[in-house]
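One structure is given here, and the rest of the page talks about it.
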Amino acid sequence: MTQFTTSIPAQRQQQISDYLKSKFSISIKEASELCNVSEATARRDLDDMAAAGLLERTHGGAVLHKGTGFEEYHDEKMKAMIPEKTRIAREAVRLIKDGDSIFLDSGTTTLLLGQQLEGIKKLTVVTNNLDIASTVKLDNSSTMIVTGGVRRDGYSVLIGDIAEELVRKLYVDIAFVGADAVNSKSGVYNSNFMEIGIKKSMIASGKRTVLLADHSKFKQKALAKICDIEEFDTIITDSGIEKETREYLDKKIPHLIVV
């Protein structure tokens, strides 16, 4: 029989909380392995934490508890789900060809995508993300256009009428868009209203629209709806996405890419 090391419940709950802050979701098996306890004990710990309002229980695990209007700070977003976001970005860059024009929305995954564009020639990149504008290296034949607009403090993003007006005047080959939450049936969401207008404009101005969303986004809730899922031609996510969600999306959009 397998032997498990016992530990104080409060310590286990702290371990689980720390894990959720970076991964956003945890299965009973993952909690068991993380705390080195049986799955029955891990299940009780998750139930206790849910009763205390520290997380939300799901079938087979739990997700980080937060209101729909909660938004992580920029620095926290930049640290979360990096391996998954990197795989998504590497797949996304394969869609881009020499001579293309693209929108890069704000977000960690779009920044990781931007960091892989240097080898593409005669590329036009339009972005409202200051991290992308200031750090991404492009080929000498390529062009970076920054939308202008009002800087949203703490999030390295430009928003407002000036940004939206520029985007509406353009028509690009591919619009790469991020989101804070994705519900496969009700749509794509953001945690705040301030970025909704620029995201809608990007989607409307792209010949092809691509949603970049790691699997944790499909377990989140957010305040403001951006659009229906069907407005995207392609969704790129990672292999952590649940089977039921994957099968549903396969029927709803032309291209679902799982990496």
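Following the order of the structure tokens, chains are lettered A, B, ..., residues in each are numbered from 1, and ligands are numbered from 1.
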Run DSSP on the backbone and give me the residues of range 110-224 of chain A it puts in alpha helix (DSSP H), as a compact mmCIF listing (two decimals) with C-alpha atoms, in the first residue's frame.
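Result file out_7.txt:
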# COMPACT_ATOMS: atom_id res chain seq x y z
CA THR A 110 0.49 38.10 -27.96
CA LEU A 111 3.76 39.44 -26.51
CA LEU A 112 5.28 35.95 -26.74
CA LEU A 113 4.02 35.77 -30.32
CA GLY A 114 5.59 39.15 -31.07
CA LEU A 130 3.31 49.07 -25.12
CA ASP A 131 5.37 46.02 -24.17
CA ILE A 132 5.13 44.77 -27.75
CA ALA A 133 5.84 48.22 -29.17
CA SER A 134 8.97 48.73 -27.05
CA THR A 135 10.54 45.26 -26.96
CA ASP A 161 -11.33 56.65 -29.05
CA ILE A 162 -7.96 57.43 -30.65
CA ALA A 163 -6.88 53.78 -30.59
CA GLU A 164 -10.23 52.49 -31.81
CA GLU A 165 -10.47 55.04 -34.63
CA LEU A 166 -7.11 54.00 -36.06
CA VAL A 167 -7.97 50.32 -35.92
CA ARG A 168 -11.33 50.90 -37.65
CA ILE A 196 -13.82 46.01 -25.03
CA GLY A 197 -14.01 48.69 -27.74
CA ILE A 198 -10.48 48.15 -29.07
CA LYS A 199 -10.91 44.37 -29.05
CA LYS A 200 -14.19 44.61 -30.98
CA SER A 201 -12.56 46.93 -33.51
CA MET A 202 -9.67 44.51 -34.03
CA ILE A 203 -12.02 41.60 -34.61
CA ALA A 204 -14.10 43.60 -37.11
Residues within 6 Å of range 205-218 of chain A, please, as an NGL selection string. Count only C-alpha atoms; anything in the same chain fewer than 4 positions from it doesn't count.
:A and (171-178 or 181-183 or 232-238 or 240-241)
Taking N, CA and C atoms for each residue, export the selection above as a CSV table (one decimal), in the first residue's frame.
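Written output follows (selection07.csv):
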chain,number,residue,atom,x,y,z
A,171,TYR,N,-7.5,47.3,-42.3
A,171,TYR,CA,-8.0,46.0,-42.6
A,171,TYR,C,-6.7,45.1,-42.7
A,172,VAL,N,-6.6,44.2,-41.8
A,172,VAL,CA,-5.3,43.4,-41.8
A,172,VAL,C,-5.6,41.9,-42.1
A,173,ASP,N,-4.6,41.2,-42.4
A,173,ASP,CA,-4.7,39.8,-42.8
A,173,ASP,C,-5.2,38.9,-41.6
A,174,ILE,N,-4.6,39.2,-40.4
A,174,ILE,CA,-4.9,38.4,-39.2
A,174,ILE,C,-5.0,39.3,-38.0
A,175,ALA,N,-6.0,39.1,-37.2
A,175,ALA,CA,-6.1,39.8,-35.9
A,175,ALA,C,-6.0,38.7,-34.8
A,176,PHE,N,-4.9,38.9,-34.0
A,176,PHE,CA,-4.7,38.0,-32.9
A,176,PHE,C,-5.2,38.7,-31.7
A,177,VAL,N,-6.2,38.0,-31.0
A,177,VAL,CA,-6.9,38.6,-29.9
A,177,VAL,C,-6.8,37.7,-28.7
A,178,GLY,N,-6.7,38.3,-27.5
A,178,GLY,CA,-6.7,37.6,-26.2
A,178,GLY,C,-7.9,37.9,-25.5
A,181,ALA,N,-11.5,35.5,-20.2
A,181,ALA,CA,-12.4,34.3,-20.0
A,181,ALA,C,-13.0,33.9,-21.3
A,182,VAL,N,-13.2,32.6,-21.4
A,182,VAL,CA,-13.9,32.1,-22.6
A,182,VAL,C,-15.0,31.0,-22.2
A,183,ASN,N,-16.2,31.3,-22.5
A,183,ASN,CA,-17.3,30.3,-22.3
A,183,ASN,C,-17.7,29.8,-23.7
A,232,PHE,N,-14.8,34.1,-34.3
A,232,PHE,CA,-13.4,33.7,-34.5
A,232,PHE,C,-13.3,32.6,-35.6
A,233,ASP,N,-12.4,32.8,-36.5
A,233,ASP,CA,-12.1,31.7,-37.5
A,233,ASP,C,-11.3,30.6,-36.9
A,234,THR,N,-10.4,31.0,-35.9
A,234,THR,CA,-9.5,30.0,-35.4
A,234,THR,C,-9.3,30.3,-33.9
A,235,ILE,N,-9.2,29.2,-33.1
A,235,ILE,CA,-8.9,29.3,-31.7
A,235,ILE,C,-7.6,28.4,-31.5
A,236,ILE,N,-6.6,29.0,-30.9
A,236,ILE,CA,-5.4,28.2,-30.5
A,236,ILE,C,-5.4,28.1,-29.0
A,237,THR,N,-5.4,26.9,-28.5
A,237,THR,CA,-5.3,26.7,-27.0
A,237,THR,C,-4.3,25.5,-26.8
A,238,ASP,N,-4.2,25.1,-25.5
A,238,ASP,CA,-3.3,24.1,-25.2
A,238,ASP,C,-4.0,22.8,-24.8
A,240,GLY,N,-4.4,21.2,-22.2
A,240,GLY,CA,-5.1,21.1,-20.9
A,240,GLY,C,-6.6,21.4,-21.0
A,241,ILE,N,-7.1,21.7,-22.2
A,241,ILE,CA,-8.5,22.0,-22.4
A,241,ILE,C,-9.3,20.7,-22.2
Interatomic distance between CA of Asn192 in chain A and CA of Gly107 in chain A?
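Between CA of Asn192 in chain A and CA of Gly107 in chain A the gap is 13.8 Å.
Proximity to Val126 in chain A at 9 Å, evaluated using only C-alpha atoms and with sequence-adjacent residues fewer than 5 positions away removed, yields Ser101, Ile102, Phe103, Leu104, Asp105, Ala133, Thr143, Met144, Ile145, Val146, Thr147, Val167 and Val172 of chain A.
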Take the residues that were just selected and, keeping all heavy atoms, output them as an mmCIF file, in the first residue's frame.
data_model
loop_
_atom_site.group_PDB
_atom_site.id
_atom_site.type_symbol
_atom_site.label_atom_id
_atom_site.label_comp_id
_atom_site.auth_asym_id
_atom_site.auth_seq_id
_atom_site.Cartn_x
_atom_site.Cartn_y
_atom_site.Cartn_z
ATOM 1 N N SER A 101 -0.096 41.575 -42.856
ATOM 2 C CA SER A 101 -0.350 42.613 -41.855
ATOM 3 C C SER A 101 -1.152 41.970 -40.735
ATOM 4 O O SER A 101 -2.045 41.152 -40.992
ATOM 5 C CB SER A 101 -1.135 43.777 -42.461
ATOM 6 O OG SER A 101 -2.350 43.311 -43.038
ATOM 7 N N ILE A 102 -0.816 42.306 -39.486
ATOM 8 C CA ILE A 102 -1.464 41.664 -38.343
ATOM 9 C C ILE A 102 -1.770 42.672 -37.242
ATOM 10 O O ILE A 102 -1.093 43.685 -37.102
ATOM 11 C CB ILE A 102 -0.603 40.522 -37.758
ATOM 12 C CG1 ILE A 102 0.699 41.077 -37.170
ATOM 13 C CG2 ILE A 102 -0.333 39.460 -38.817
ATOM 14 C CD1 ILE A 102 1.516 40.028 -36.403
ATOM 15 N N PHE A 103 -2.823 42.386 -36.480
ATOM 16 C CA PHE A 103 -3.075 43.063 -35.217
ATOM 17 C C PHE A 103 -2.541 42.176 -34.103
ATOM 18 O O PHE A 103 -2.750 40.959 -34.112
ATOM 19 C CB PHE A 103 -4.575 43.256 -34.969
ATOM 20 C CG PHE A 103 -5.203 44.376 -35.723
ATOM 21 C CD1 PHE A 103 -6.404 44.183 -36.396
ATOM 22 C CD2 PHE A 103 -4.636 45.637 -35.744
ATOM 23 C CE1 PHE A 103 -7.010 45.211 -37.096
ATOM 24 C CE2 PHE A 103 -5.234 46.677 -36.431
ATOM 25 C CZ PHE A 103 -6.422 46.459 -37.119
ATOM 26 N N LEU A 104 -1.872 42.779 -33.122
ATOM 27 C CA LEU A 104 -1.512 42.078 -31.889
ATOM 28 C C LEU A 104 -2.195 42.789 -30.731
ATOM 29 O O LEU A 104 -1.851 43.916 -30.389
ATOM 30 C CB LEU A 104 0.004 42.057 -31.687
ATOM 31 C CG LEU A 104 0.823 41.166 -32.623
ATOM 32 C CD1 LEU A 104 2.293 41.200 -32.227
ATOM 33 C CD2 LEU A 104 0.306 39.728 -32.616
ATOM 34 N N ASP A 105 -3.157 42.138 -30.146
ATOM 35 C CA ASP A 105 -3.889 42.646 -28.990
ATOM 36 C C ASP A 105 -2.957 42.671 -27.775
ATOM 37 O O ASP A 105 -1.850 42.134 -27.794
ATOM 38 C CB ASP A 105 -5.077 41.706 -28.746
ATOM 39 C CG ASP A 105 -6.030 42.190 -27.681
ATOM 40 O OD1 ASP A 105 -5.992 43.385 -27.339
ATOM 41 O OD2 ASP A 105 -6.832 41.364 -27.203
ATOM 42 N N ALA A 133 5.292 47.091 -28.418
ATOM 43 C CA ALA A 133 5.841 48.223 -29.166
ATOM 44 C C ALA A 133 7.293 48.512 -28.796
ATOM 45 O O ALA A 133 8.102 48.897 -29.653
ATOM 46 C CB ALA A 133 4.986 49.461 -28.930
ATOM 47 N N THR A 143 7.352 46.712 -40.447
ATOM 48 C CA THR A 143 6.908 47.974 -39.849
ATOM 49 C C THR A 143 6.064 47.717 -38.611
ATOM 50 O O THR A 143 5.208 46.827 -38.604
ATOM 51 C CB THR A 143 6.069 48.787 -40.857
ATOM 52 O OG1 THR A 143 6.841 49.022 -42.029
ATOM 53 C CG2 THR A 143 5.629 50.116 -40.252
ATOM 54 N N MET A 144 6.298 48.512 -37.578
ATOM 55 C CA MET A 144 5.480 48.463 -36.364
ATOM 56 C C MET A 144 4.646 49.747 -36.277
ATOM 57 O O MET A 144 5.183 50.850 -36.318
ATOM 58 C CB MET A 144 6.369 48.354 -35.121
ATOM 59 C CG MET A 144 5.623 48.476 -33.807
ATOM 60 S SD MET A 144 4.842 46.941 -33.264
ATOM 61 C CE MET A 144 6.295 45.962 -32.826
ATOM 62 N N ILE A 145 3.328 49.598 -36.162
ATOM 63 C CA ILE A 145 2.423 50.738 -35.985
ATOM 64 C C ILE A 145 1.796 50.639 -34.597
ATOM 65 O O ILE A 145 1.210 49.615 -34.245
ATOM 66 C CB ILE A 145 1.313 50.741 -37.060
ATOM 67 C CG1 ILE A 145 1.923 50.846 -38.461
ATOM 68 C CG2 ILE A 145 0.327 51.883 -36.811
ATOM 69 C CD1 ILE A 145 0.905 50.691 -39.576
ATOM 70 N N VAL A 146 1.929 51.705 -33.825
ATOM 71 C CA VAL A 146 1.330 51.760 -32.485
ATOM 72 C C VAL A 146 0.086 52.635 -32.566
ATOM 73 O O VAL A 146 0.116 53.731 -33.136
ATOM 74 C CB VAL A 146 2.326 52.321 -31.455
ATOM 75 C CG1 VAL A 146 1.725 52.271 -30.053
ATOM 76 C CG2 VAL A 146 3.634 51.535 -31.497
ATOM 77 N N THR A 147 -1.009 52.169 -31.992
ATOM 78 C CA THR A 147 -2.303 52.814 -32.210
ATOM 79 C C THR A 147 -2.383 54.230 -31.668
ATOM 80 O O THR A 147 -3.131 55.056 -32.180
ATOM 81 C CB THR A 147 -3.430 52.005 -31.543
ATOM 82 O OG1 THR A 147 -3.194 51.932 -30.133
ATOM 83 C CG2 THR A 147 -3.511 50.608 -32.145
ATOM 84 N N VAL A 167 -7.740 51.718 -35.586
ATOM 85 C CA VAL A 167 -7.973 50.315 -35.920
ATOM 86 C C VAL A 167 -9.123 50.179 -36.914
ATOM 87 O O VAL A 167 -9.062 49.381 -37.855
ATOM 88 C CB VAL A 167 -8.244 49.495 -34.641
ATOM 89 C CG1 VAL A 167 -8.715 48.086 -34.992
ATOM 90 C CG2 VAL A 167 -6.988 49.434 -33.784
ATOM 91 N N VAL A 172 -6.561 44.177 -41.784
ATOM 92 C CA VAL A 172 -5.347 43.372 -41.757
ATOM 93 C C VAL A 172 -5.646 41.919 -42.123
ATOM 94 O O VAL A 172 -6.799 41.482 -42.118
ATOM 95 C CB VAL A 172 -4.680 43.426 -40.364
ATOM 96 C CG1 VAL A 172 -4.332 44.866 -39.979
ATOM 97 C CG2 VAL A 172 -5.565 42.782 -39.300
#
What's the 7 Å shell around Lys252 in chain A, counting only C-alpha atoms, without same-chain residues fewer than 3 positions away, as a ChimeraX atom specification?
/A:230,248-249
As JSON, numbers by chain, which residues of range 157-225 of chain A does DSSP assign to strand (DSSP E)?
{"A": [157, 158, 159, 172, 173, 174, 175, 176, 177, 181, 182, 183, 187, 188, 189, 190, 206, 207, 208, 209, 210, 211, 212, 224, 225]}
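Taking only C-alpha atoms into account, Thr124 in chain A lies nearest to A:Ser141 out of the set A:Gln13, A:Asn36, A:Ser184, A:Ser141.
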Tell me which of A:Cys227, A:Ala222, A:Val63, A:Ala31 sits closest to Arg44 in chain A, counting only C-alpha atoms.
A:Ala31
Which of these, A:Glu118, A:Val259, A:Asn129, A:Ser106, has the shortest distance to Ala89 in chain A once you count only C-alpha atoms?
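Closest candidate: A:Val259.
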Pick from A:Ser156, A:Leu95, A:Gly187, A:Ser27, whichever lies nearest to Thr58 in chain A using only C-alpha atoms
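Once distances to Thr58 in chain A are computed over only C-alpha atoms, the minimum belongs to A:Ser27.
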Would you mind listing what lies within 10 Å of Gln116 in chain A as a ChimeraX atom specification, with only C-alpha atoms counted and same-chain residues fewer than 4 positions away left out?
/A:89-90,92-94,111-112,120,136-138
Just checking: using only C-alpha atoms, which residue out of A:Val258, A:Gln220, A:Glu39, A:Ser25 ends up closest to Lys243 in chain A?
A:Val258
Rounded to one decimal in Å, what is the spacing between CA of Ala62 in chain A and CA of Ile26 in chain A?
5.5 Å
Mind pulling up the distance from CA of Lys185 in chain A to CA of Arg246 in chain A?
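The value is 11.8 Å.
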